[in-house]
file work-v6.cif (mmCIF, C-alpha atoms and all ligand atoms)
data_upload
loop_
_atom_site.group_PDB
_atom_site.id
_atom_site.type_symbol
_atom_site.label_atom_id
_atom_site.label_comp_id
_atom_site.auth_asym_id
_atom_site.auth_seq_id
_atom_site.Cartn_x
_atom_site.Cartn_y
_atom_site.Cartn_z
ATOM 1 C CA MET D 1 172.907 19.897 139.339
ATOM 2 C CA VAL D 2 175.784 18.868 141.544
ATOM 3 C CA GLY D 3 178.047 21.860 142.037
ATOM 4 C CA LEU D 4 181.806 21.663 142.143
ATOM 5 C CA GLU D 5 181.609 21.582 145.917
ATOM 6 C CA GLY D 6 179.121 18.727 145.685
ATOM 7 C CA THR D 7 176.714 20.506 148.011
ATOM 8 C CA THR D 8 173.476 19.911 146.117
ATOM 9 C CA ASP D 9 171.248 17.097 147.336
ATOM 10 C CA VAL D 10 171.260 14.296 144.743
ATOM 11 C CA VAL D 11 167.595 13.436 145.329
ATOM 12 C CA GLU D 12 166.465 16.788 143.987
ATOM 13 C CA THR D 13 168.624 16.775 140.885
ATOM 14 C CA GLN D 14 167.424 16.239 137.341
ATOM 15 C CA GLY D 15 170.518 14.703 135.797
ATOM 16 C CA VAL D 16 170.120 11.590 133.662
ATOM 17 C CA VAL D 17 173.466 10.451 135.018
ATOM 18 C CA GLU D 18 174.294 11.261 138.631
ATOM 19 C CA ALA D 19 177.660 10.303 140.057
ATOM 20 C CA GLN D 20 178.770 10.965 143.598
ATOM 21 C CA GLY D 21 182.085 10.349 145.278
ATOM 22 C CA ILE D 22 183.503 8.235 142.479
ATOM 23 C CA VAL D 23 186.814 6.680 143.467
ATOM 24 C CA ARG D 24 188.679 4.249 141.226
ATOM 25 C CA VAL D 25 191.864 2.569 142.338
ATOM 26 C CA TYR D 26 193.601 0.185 139.939
ATOM 27 C CA GLY D 27 195.676 -2.528 141.590
ATOM 28 C CA GLU D 28 196.670 -2.782 145.223
ATOM 29 C CA GLY D 29 199.407 -1.906 147.682
ATOM 30 C CA GLU D 30 202.422 0.086 146.631
ATOM 31 C CA THR D 31 201.692 -0.155 142.933
ATOM 32 C CA ALA D 32 198.043 0.981 143.247
ATOM 33 C CA VAL D 33 197.015 3.744 140.837
ATOM 34 C CA HIS D 34 194.442 6.206 142.162
ATOM 35 C CA ALA D 35 192.740 7.168 138.892
ATOM 36 C CA LEU D 36 189.729 9.025 140.349
ATOM 37 C CA HIS D 37 189.683 10.750 143.738
ATOM 38 C CA GLY D 38 185.997 11.337 144.469
ATOM 39 C CA VAL D 39 184.289 12.773 141.411
ATOM 40 C CA ASP D 40 180.790 14.263 141.673
ATOM 41 C CA VAL D 41 179.059 14.958 138.396
ATOM 42 C CA SER D 42 175.534 15.344 137.092
ATOM 43 C CA ILE D 43 174.823 15.108 133.369
ATOM 44 C CA GLU D 44 171.990 17.295 132.139
ATOM 45 C CA PRO D 45 169.506 15.887 129.633
ATOM 46 C CA GLY D 46 169.584 17.178 126.059
ATOM 47 C CA GLN D 47 173.025 18.684 126.448
ATOM 48 C CA LEU D 48 176.450 18.084 124.964
ATOM 49 C CA THR D 49 178.941 17.931 127.837
ATOM 50 C CA ALA D 50 182.642 17.981 126.961
ATOM 51 C CA VAL D 51 185.295 16.506 129.251
ATOM 52 C CA MET D 52 188.842 17.824 128.894
ATOM 53 C CA GLY D 53 192.043 17.064 130.747
ATOM 54 C CA PRO D 54 195.592 15.854 130.212
ATOM 55 C CA SER D 55 196.483 12.304 129.312
ATOM 56 C CA GLY D 56 196.230 10.096 132.386
ATOM 57 C CA SER D 57 193.878 12.474 134.254
ATOM 58 C CA GLY D 58 191.161 9.791 134.438
ATOM 59 C CA LYS D 59 188.868 10.750 131.545
ATOM 60 C CA SER D 60 188.467 7.241 130.130
ATOM 61 C CA THR D 61 188.121 5.748 133.603
ATOM 62 C CA LEU D 62 185.319 8.218 134.368
ATOM 63 C CA MET D 63 183.514 7.545 131.054
ATOM 64 C CA HIS D 64 183.705 3.785 131.577
ATOM 65 C CA ILE D 65 182.337 4.057 135.121
ATOM 66 C CA LEU D 66 179.512 6.439 134.155
ATOM 67 C CA ALA D 67 178.604 4.083 131.293
ATOM 68 C CA GLY D 68 178.616 0.971 133.480
ATOM 69 C CA LEU D 69 181.545 -0.567 131.577
ATOM 70 C CA ASP D 70 183.652 -0.516 134.739
ATOM 71 C CA ARG D 71 182.764 -0.398 138.433
ATOM 72 C CA PRO D 72 184.095 2.234 140.828
ATOM 73 C CA THR D 73 186.084 1.251 143.910
ATOM 74 C CA SER D 74 183.556 3.361 145.820
ATOM 75 C CA GLY D 75 180.868 5.904 145.068
ATOM 76 C CA SER D 76 177.445 5.984 143.481
ATOM 77 C CA VAL D 77 176.334 6.138 139.837
ATOM 78 C CA ARG D 78 172.668 6.532 138.948
ATOM 79 C CA ILE D 79 171.463 6.258 135.389
ATOM 80 C CA ASP D 80 167.912 7.432 134.817
ATOM 81 C CA GLY D 81 167.337 7.020 138.543
ATOM 82 C CA THR D 82 168.770 3.495 138.906
ATOM 83 C CA GLU D 83 171.834 2.898 141.060
ATOM 84 C CA ILE D 84 174.094 0.820 138.793
ATOM 85 C CA THR D 85 177.080 0.134 141.045
ATOM 86 C CA THR D 86 175.204 -2.549 142.977
ATOM 87 C CA LEU D 87 173.481 -4.191 139.997
ATOM 88 C CA GLY D 88 174.405 -7.737 139.040
ATOM 89 C CA ASP D 89 176.076 -8.296 135.673
ATOM 90 C CA ASP D 90 172.918 -9.352 133.829
ATOM 91 C CA ALA D 91 170.857 -6.454 135.093
ATOM 92 C CA LEU D 92 173.694 -4.056 134.302
ATOM 93 C CA THR D 93 174.005 -5.405 130.760
ATOM 94 C CA LYS D 94 170.281 -4.922 130.242
ATOM 95 C CA LEU D 95 170.354 -1.424 131.635
ATOM 96 C CA ARG D 96 173.319 -0.519 129.411
ATOM 97 C CA ARG D 97 171.495 -1.839 126.355
ATOM 98 C CA LYS D 98 168.537 0.411 127.019
ATOM 99 C CA HIS D 99 170.231 3.520 128.316
ATOM 100 C CA ILE D 100 173.815 3.746 127.065
ATOM 101 C CA GLY D 101 175.561 4.253 123.741
ATOM 102 C CA PHE D 102 179.367 4.304 123.648
ATOM 103 C CA ILE D 103 181.667 5.642 120.925
ATOM 104 C CA PHE D 104 185.337 4.652 121.170
ATOM 105 C CA GLN D 105 188.412 6.323 119.717
ATOM 106 C CA PHE D 106 189.278 3.230 117.698
ATOM 107 C CA PHE D 107 185.723 2.560 116.520
ATOM 108 C CA ASN D 108 185.520 -1.035 117.891
ATOM 109 C CA LEU D 109 183.450 -2.364 114.992
ATOM 110 C CA LEU D 110 183.089 -6.077 114.335
ATOM 111 C CA PRO D 111 185.246 -6.762 111.260
ATOM 112 C CA MET D 112 183.140 -9.588 109.825
ATOM 113 C CA LEU D 113 179.883 -7.647 109.893
ATOM 114 C CA SER D 114 178.697 -5.147 107.280
ATOM 115 C CA ALA D 115 178.244 -1.503 108.241
ATOM 116 C CA ARG D 116 174.499 -2.123 108.416
ATOM 117 C CA ASP D 117 174.843 -5.125 110.720
ATOM 118 C CA ASN D 118 177.325 -3.267 112.919
ATOM 119 C CA VAL D 119 174.841 -0.401 113.313
ATOM 120 C CA LEU D 120 172.008 -2.815 114.094
ATOM 121 C CA LEU D 121 174.036 -4.967 116.500
ATOM 122 C CA PRO D 122 172.712 -3.457 119.767
ATOM 123 C CA LEU D 123 169.151 -4.137 118.596
ATOM 124 C CA THR D 124 169.981 -7.590 117.230
ATOM 125 C CA ILE D 125 171.466 -8.603 120.575
ATOM 126 C CA ALA D 126 168.357 -7.338 122.344
ATOM 127 C CA GLY D 127 166.138 -9.230 119.879
ATOM 128 C CA GLU D 128 164.629 -5.993 118.568
ATOM 129 C CA LYS D 129 164.001 -4.494 115.156
ATOM 130 C CA PRO D 130 164.663 -0.874 114.244
ATOM 131 C CA ASP D 131 161.882 1.563 113.542
ATOM 132 C CA PRO D 132 162.316 1.661 109.727
ATOM 133 C CA GLN D 133 161.786 5.395 109.412
ATOM 134 C CA TYR D 134 164.190 6.266 112.223
ATOM 135 C CA PHE D 135 166.796 3.841 110.860
ATOM 136 C CA ALA D 136 166.554 5.327 107.350
ATOM 137 C CA ASP D 137 166.818 8.858 108.727
ATOM 138 C CA LEU D 138 169.778 7.924 110.928
ATOM 139 C CA ILE D 139 171.688 6.272 108.085
ATOM 140 C CA GLN D 140 171.109 9.220 105.801
ATOM 141 C CA ARG D 141 172.129 11.650 108.517
ATOM 142 C CA VAL D 142 175.436 9.884 109.167
ATOM 143 C CA GLY D 143 176.054 9.687 105.404
ATOM 144 C CA LEU D 144 176.245 5.907 105.124
ATOM 145 C CA SER D 145 173.464 5.243 102.621
ATOM 146 C CA ASP D 146 175.844 3.951 99.933
ATOM 147 C CA ARG D 147 178.189 2.136 102.324
ATOM 148 C CA LEU D 148 175.773 -0.097 104.211
ATOM 149 C CA HIS D 149 177.004 -3.363 102.713
ATOM 150 C CA HIS D 150 180.703 -2.649 103.124
ATOM 151 C CA ARG D 151 182.730 -4.179 105.923
ATOM 152 C CA PRO D 152 184.803 -1.964 108.239
ATOM 153 C CA ALA D 153 188.066 -2.788 106.411
ATOM 154 C CA GLU D 154 186.534 -1.335 103.229
ATOM 155 C CA LEU D 155 185.689 1.958 104.945
ATOM 156 C CA SER D 156 187.803 5.028 105.780
ATOM 157 C CA GLY D 157 188.397 5.987 109.422
ATOM 158 C CA GLY D 158 185.762 8.688 109.201
ATOM 159 C CA GLN D 159 183.238 6.282 107.703
ATOM 160 C CA GLN D 160 184.008 3.698 110.392
ATOM 161 C CA GLN D 161 183.397 6.301 113.085
ATOM 162 C CA ARG D 162 180.088 7.200 111.387
ATOM 163 C CA VAL D 163 179.095 3.546 111.677
ATOM 164 C CA ALA D 164 180.067 3.620 115.361
ATOM 165 C CA ILE D 165 178.018 6.790 115.906
ATOM 166 C CA ALA D 166 174.978 5.269 114.207
ATOM 167 C CA ARG D 167 175.449 2.125 116.341
ATOM 168 C CA ALA D 168 175.475 4.281 119.490
ATOM 169 C CA LEU D 169 172.345 6.166 118.393
ATOM 170 C CA VAL D 170 170.314 3.302 116.944
ATOM 171 C CA SER D 171 168.643 2.299 120.204
ATOM 172 C CA ARG D 172 167.968 5.951 121.130
ATOM 173 C CA PRO D 173 169.807 5.572 124.432
ATOM 174 C CA THR D 174 169.314 7.882 127.395
ATOM 175 C CA VAL D 175 172.934 8.996 127.078
ATOM 176 C CA VAL D 176 175.774 8.590 124.583
ATOM 177 C CA PHE D 177 179.372 8.619 125.813
ATOM 178 C CA ALA D 178 182.162 9.306 123.344
ATOM 179 C CA ASP D 179 185.806 8.855 124.385
ATOM 180 C CA GLU D 180 187.963 10.962 122.049
ATOM 181 C CA PRO D 181 185.808 10.105 119.024
ATOM 182 C CA THR D 182 188.020 12.185 116.720
ATOM 183 C CA GLY D 183 191.338 11.210 118.315
ATOM 184 C CA ASN D 184 192.238 8.927 115.422
ATOM 185 C CA LEU D 185 190.974 11.116 112.555
ATOM 186 C CA ASP D 186 192.438 13.906 110.429
ATOM 187 C CA SER D 187 191.345 17.479 111.020
ATOM 188 C CA ARG D 188 188.745 17.722 108.256
ATOM 189 C CA THR D 189 187.145 14.380 109.067
ATOM 190 C CA SER D 190 187.173 15.344 112.760
ATOM 191 C CA GLY D 191 185.209 18.472 111.907
ATOM 192 C CA GLU D 192 182.583 16.398 110.082
ATOM 193 C CA ILE D 193 182.288 13.944 112.967
ATOM 194 C CA LEU D 194 181.952 16.764 115.512
ATOM 195 C CA THR D 195 179.211 18.387 113.441
ATOM 196 C CA LEU D 196 177.450 15.044 113.442
ATOM 197 C CA MET D 197 177.782 14.697 117.218
ATOM 198 C CA ARG D 198 176.396 18.195 117.705
ATOM 199 C CA SER D 199 173.484 17.643 115.326
ATOM 200 C CA SER D 200 172.436 14.465 117.169
ATOM 201 C CA VAL D 201 172.087 16.667 120.260
ATOM 202 C CA GLU D 202 170.140 19.330 118.339
ATOM 203 C CA ASP D 203 167.927 17.110 116.204
ATOM 204 C CA TYR D 204 167.333 14.078 118.433
ATOM 205 C CA GLY D 205 167.863 15.806 121.787
ATOM 206 C CA GLN D 206 170.538 13.165 122.369
ATOM 207 C CA THR D 207 172.229 13.661 125.752
ATOM 208 C CA THR D 208 175.947 13.277 125.015
ATOM 209 C CA VAL D 209 179.164 13.279 127.035
ATOM 210 C CA MET D 210 182.328 13.593 124.966
ATOM 211 C CA VAL D 211 185.965 13.395 125.999
ATOM 212 C CA THR D 212 188.151 15.521 123.781
ATOM 213 C CA HIS D 213 191.604 17.118 123.609
ATOM 214 C CA ASP D 214 190.366 19.514 120.952
ATOM 215 C CA ALA D 215 189.257 23.005 122.021
ATOM 216 C CA ARG D 216 187.291 23.262 118.766
ATOM 217 C CA ALA D 217 185.286 20.214 119.838
ATOM 218 C CA ALA D 218 184.754 21.520 123.379
ATOM 219 C CA ALA D 219 183.563 24.847 121.909
ATOM 220 C CA MET D 220 180.575 22.985 120.471
ATOM 221 C CA ALA D 221 179.525 21.840 123.938
ATOM 222 C CA ASP D 222 176.907 23.312 126.259
ATOM 223 C CA ARG D 223 179.191 22.670 129.184
ATOM 224 C CA VAL D 224 182.864 21.815 129.670
ATOM 225 C CA LEU D 225 184.277 19.808 132.588
ATOM 226 C CA TYR D 226 188.024 19.995 133.235
ATOM 227 C CA LEU D 227 189.580 16.942 134.827
ATOM 228 C CA ASP D 228 193.036 16.911 136.379
ATOM 229 C CA ASP D 229 194.688 14.112 138.311
ATOM 230 C CA GLY D 230 191.431 12.296 138.984
ATOM 231 C CA GLU D 231 189.354 15.323 139.997
ATOM 232 C CA ILE D 232 187.013 17.773 138.273
ATOM 233 C CA VAL D 233 188.873 21.016 138.880
ATOM 234 C CA LYS D 234 186.671 23.391 136.870
ATOM 235 C CA GLU D 235 183.428 23.589 134.987
ATOM 236 C CA THR D 236 182.286 26.194 132.445
ATOM 237 C CA GLY D 237 179.188 26.834 130.342
ATOM 238 C CA PRO D 238 179.246 27.312 126.568
ATOM 239 C CA SER D 239 182.665 28.729 125.716
ATOM 240 C CA SER D 240 184.560 29.856 122.638
ATOM 241 C CA GLN D 241 187.658 28.018 121.485
ATOM 242 C CA HIS D 242 189.717 30.968 122.710
ATOM 243 C CA GLU D 243 188.106 30.922 126.170
ATOM 244 C CA ILE D 244 188.685 27.183 126.461
ATOM 245 C CA LEU D 245 192.352 27.484 125.499
ATOM 246 C CA GLN D 246 192.745 30.285 128.060
ATOM 247 C CA MET D 247 191.050 28.150 130.708
ATOM 248 C CA ILE D 248 193.379 25.247 129.981
ATOM 249 C CA ASP D 249 196.332 27.637 130.311
ATOM 250 C CA THR D 250 195.044 28.987 133.618
ATOM 251 C CA LEU D 251 194.417 25.541 135.010
ATOM 252 C CA ASP D 252 197.658 24.288 133.540
ATOM 253 C CA VAL D 253 195.947 20.962 132.882
ATOM 254 C CA GLN D 254 196.966 20.337 129.301
HETATM 255 P P1 LIG F 301 192.861 9.422 130.392
HETATM 256 O O1 LIG F 301 191.750 8.789 129.637
HETATM 257 O O2 LIG F 301 192.532 10.796 130.936
HETATM 258 O O3 LIG F 301 194.144 9.447 129.616
HETATM 259 P P2 LIG F 301 192.774 7.045 132.071
HETATM 260 O O4 LIG F 301 191.429 7.050 132.711
HETATM 261 O O5 LIG F 301 192.978 6.139 130.908
HETATM 262 O O6 LIG F 301 193.161 8.559 131.712
HETATM 263 O O7 LIG F 301 193.846 6.684 133.171
HETATM 264 C C1 LIG F 301 193.903 7.311 134.449
HETATM 265 C C2 LIG F 301 195.043 6.682 135.263
HETATM 266 O O8 LIG F 301 194.722 5.322 135.535
HETATM 267 C C3 LIG F 301 196.382 6.668 134.529
HETATM 268 O O9 LIG F 301 197.390 6.840 135.481
HETATM 269 C C4 LIG F 301 196.424 5.284 133.935
HETATM 270 O O10 LIG F 301 197.751 4.850 133.747
HETATM 271 C C5 LIG F 301 195.713 4.465 134.991
HETATM 272 N N1 LIG F 301 195.026 3.288 134.434
HETATM 273 C C6 LIG F 301 194.034 3.293 133.497
HETATM 274 N N2 LIG F 301 193.589 2.042 133.245
HETATM 275 C C7 LIG F 301 194.328 1.220 134.048
HETATM 276 C C8 LIG F 301 194.335 -0.195 134.277
HETATM 277 N N3 LIG F 301 193.507 -1.010 133.626
HETATM 278 N N4 LIG F 301 195.224 -0.677 135.170
HETATM 279 C C9 LIG F 301 196.063 0.142 135.849
HETATM 280 N N5 LIG F 301 196.095 1.479 135.703
HETATM 281 C C10 LIG F 301 195.245 2.019 134.813
HETATM 282 MG MG MG F 302 191.603 8.142 127.709
#
call {"tool": "encode", "arguments": {"input": "work-v6.cif", "output": "structure tokens"}}
result
Amino acid sequence: MVGLEGTTDVVETQGVVEAQGIVRVYGEGETAVHALHGVDVSIEPGQLTAVMGPSGSGKSTLMHILAGLDRPTSGSVRIDGTEITTLGDDALTKLRRKHIGFIFQFFNLLPMLSARDNVLLPLTIAGEKPDPQYFADLIQRVGLSDRLHHRPAELSGGQQQRVAIARALVSRPTVVFADEPTGNLDSRTSGEILTLMRSSVEDYGQTTVMVTHDARAAAMADRVLYLDDGEIVKETGPSSQHEILQMIDTLDVQ
């Protein structure tokens, strides 16, 4: 594991995602925005890692870079041992298909496809078919059995996010990233979605990294990273909601 001081040798680490010295600058010259200032992070397999921090602290930028959806200005990102920052676009797309699932705040489903076809899309694009038993289990688990032929517009927000979760899990990726997956949902639905995220870690051993503003969500995590102004300023192990709220107060990051 890479410590906060970044002293551990990356070669000896076991993380499925290893990032070192991640810098991301948007734009140039006087208007340049320094979104990340040199982030080191190692994501442990089989764990739920929560990422907290105020708006604008660089959470989405970090998720996108770790997931290969954006490239850092400098620094290294390894996914399952492969350095992705130097990969060409085609190779990166292939690697993402195999290793990465991504859940967005606003679901990002394709409106003209049914729930079923949205879930299957990552496999369809890769020219693969789902394992029928796994697919049936997944659909039942996310509670979509009677909604499979509906289009996104015919589904509630919670149901749409369930489709997005199933889509992220369908290819059994090495790691799932979720960027505020409950940010657009009411409290009760958020609770259901969080339970689902946690159970995918428990039942499938799904390595998951989740950005959240919600201490209740972070309290379900095995580990919490606190980001402020483009840096990881603190890291804790499993924590209660109360401990997390206290930590946020101490750090004054939210
Ligand atoms: P968070 O997800 O924690 O709210 P972001 O990663 O979205 O933070 O943003 C971090 C910083 O980078 C903010 O100052 C934001 O305005 C800036 N930023 C994000 N995306 C862009 C972009 N495409 N172009 C310019 N600045 C951006
Ligand atoms: Mg964000």
call {"tool": "resolve_selection", "arguments": {"input": "work-v6.cif", "expression": "the PyMOL selection byres (((chain D and resi 251) around 9) and not hetatm)", "output": "list in words"}}
result
Tyr226, Asp228, Val233, Lys234, Gln246, Met247, Ile248, Asp249, Thr250, Asp252, Val253 and Gln254 of chain D
call {"tool": "write_last_selection", "arguments": {"input": "work-v6.cif", "atoms": "C-alpha atoms", "output": "CSV table (one decimal), in the frame of the given file"}}
result
chain,number,residue,atom,x,y,z
D,226,TYR,CA,188.0,20.0,133.2
D,228,ASP,CA,193.0,16.9,136.4
D,233,VAL,CA,188.9,21.0,138.9
D,234,LYS,CA,186.7,23.4,136.9
D,246,GLN,CA,192.7,30.3,128.1
D,247,MET,CA,191.0,28.2,130.7
D,248,ILE,CA,193.4,25.2,130.0
D,249,ASP,CA,196.3,27.6,130.3
D,250,THR,CA,195.0,29.0,133.6
D,252,ASP,CA,197.7,24.3,133.5
D,253,VAL,CA,195.9,21.0,132.9
D,254,GLN,CA,197.0,20.3,129.3
call {"tool": "residues_near_ligand", "arguments": {"input": "work-v6.cif", "ligand": "ligand LIG 301 (chain F)", "cutoff": "6 Å", "atoms": "only C-alpha atoms and all ligand atoms", "output": "PDB file with C-alpha atoms, in the coordinates of the input"}}
result
ATOM      1  CA  TYR D  26     193.601   0.185 139.939  1.00  0.00           C
ATOM      2  CA  VAL D  33     197.015   3.744 140.837  1.00  0.00           C
ATOM      3  CA  ALA D  35     192.740   7.168 138.892  1.00  0.00           C
ATOM      4  CA  PRO D  54     195.592  15.854 130.212  1.00  0.00           C
ATOM      5  CA  SER D  55     196.483  12.304 129.312  1.00  0.00           C
ATOM      6  CA  GLY D  56     196.230  10.096 132.386  1.00  0.00           C
ATOM      7  CA  SER D  57     193.878  12.474 134.254  1.00  0.00           C
ATOM      8  CA  GLY D  58     191.161   9.791 134.438  1.00  0.00           C
ATOM      9  CA  LYS D  59     188.868  10.750 131.545  1.00  0.00           C
ATOM     10  CA  SER D  60     188.467   7.241 130.130  1.00  0.00           C
ATOM     11  CA  THR D  61     188.121   5.748 133.603  1.00  0.00           C
TER      12      THR D  61
END
call {"tool": "resolve_selection", "arguments": {"input": "work-v6.cif", "expression": "the PyMOL selection byres (((chain D and resi 205-207) around 8) and not hetatm)", "output": "PyMOL selection string"}}
result
chain D and resi 44-48+172-176+200-204+208-209
call {"tool": "residues_around", "arguments": {"input": "work-v6.cif", "residues": "Phe107 (chain D)", "least_positions_apart": "3", "cutoff": "8 Å", "atoms": "all atoms listed in the file", "output": "PyMOL selection string"}}
result
chain D and resi 103-104+160-161+164+181
call {"tool": "closest_residue", "arguments": {"input": "work-v6.cif", "among": "D:Gln105, D:Ser171, D:Thr31, D:Ser240", "to": "Gly157 (chain D)", "atoms": "all atoms listed in the file"}}
result
D:Gln105
call {"tool": "resolve_selection", "arguments": {"input": "work-v6.cif", "expression": "the PyMOL selection byres (((chain D and resi 213) around 9) and not hetatm)", "output": "ChimeraX atom specification"}}
result
/D:51-55,180,183,211-212,214-218,254
call {"tool": "atom_distance", "arguments": {"input": "work-v6.cif", "atom1": "CA of Thr73 (chain D)", "atom2": "CA of Thr85 (chain D)"}}
result
9.5 Å
call {"tool": "closest_residue", "arguments": {"input": "work-v6.cif", "among": "D:Gln20, D:Arg78, D:Asn184, D:Ala221", "to": "Gln241 (chain D)", "atoms": "all atoms listed in the file"}}
result
D:Ala221
call {"tool": "closest_residue", "arguments": {"input": "work-v6.cif", "among": "D:Ile43, D:Leu110, D:Leu138, D:Leu225", "to": "Leu169 (chain D)", "atoms": "all atoms listed in the file"}}
result
D:Leu138
call {"tool": "closest_residue", "arguments": {"input": "work-v6.cif", "among": "D:Gly81, D:Pro152, D:Gly75, D:Pro238", "to": "Asn118 (chain D)", "atoms": "all atoms listed in the file"}}
result
D:Pro152
call {"tool": "closest_residue", "arguments": {"input": "work-v6.cif", "among": "D:Leu62, D:Leu109, D:Ile244, D:Val23", "to": "ligand MG 302 (chain F)", "atoms": "only C-alpha atoms and all ligand atoms"}}
result
D:Leu62
call {"tool": "residues_around", "arguments": {"input": "work-v6.cif", "residues": "Ser76 (chain D)", "least_positions_apart": "5", "cutoff": "10 Å", "atoms": "all atoms listed in the file", "output": "list of chain:residue names"}}
result
D:Glu18, D:Ala19, D:Gln20, D:Gly21, D:Ile22, D:Val23, D:Val39, D:Asp40, D:Ile65, D:Leu66, D:Arg71, D:Glu83, D:Ile84, D:Thr85, D:Thr86
call {"tool": "closest_residue", "arguments": {"input": "work-v6.cif", "among": "D:Lys129, D:His64, D:Arg151, D:Arg97", "to": "ligand MG 302 (chain F)", "atoms": "only C-alpha atoms and all ligand atoms"}}
result
D:His64
call {"tool": "atom_distance", "arguments": {"input": "work-v6.cif", "atom1": "CA of Ser199 (chain D)", "atom2": "CA of Phe135 (chain D)"}}
result
16.0 Å
call {"tool": "atom_distance", "arguments": {"input": "work-v6.cif", "atom1": "CA of Arg223 (chain D)", "atom2": "CA of Thr182 (chain D)"}}
result
18.5 Å
call {"tool": "axis_aligned_box", "arguments": {"input": "work-v6.cif", "around": "region 110-122 of chain D", "padding_each_side": "6 Å", "output": "JSON"}}
result
{"center_x": 178.6, "center_y": -5.0, "center_z": 113.5, "size_x": 25.2, "size_y": 21.2, "size_z": 24.5}
call {"tool": "residues_near_point", "arguments": {"input": "work-v6.cif", "point": "(187.0, 11.7, 105.4)", "cutoff": "9 Å", "atoms": "only C-alpha atoms", "output": "PyMOL selection string"}}
result
chain D and resi 156-159+185-186+188-190+192
call {"tool": "residues_around", "arguments": {"input": "work-v6.cif", "residues": "Ser145 (chain D)", "least_positions_apart": "2", "cutoff": "12 Å", "atoms": "only C-alpha atoms", "output": "NGL selection string"}}
result
:D and (115-116 or 135-143 or 147-150 or 159 or 162-163 or 166)
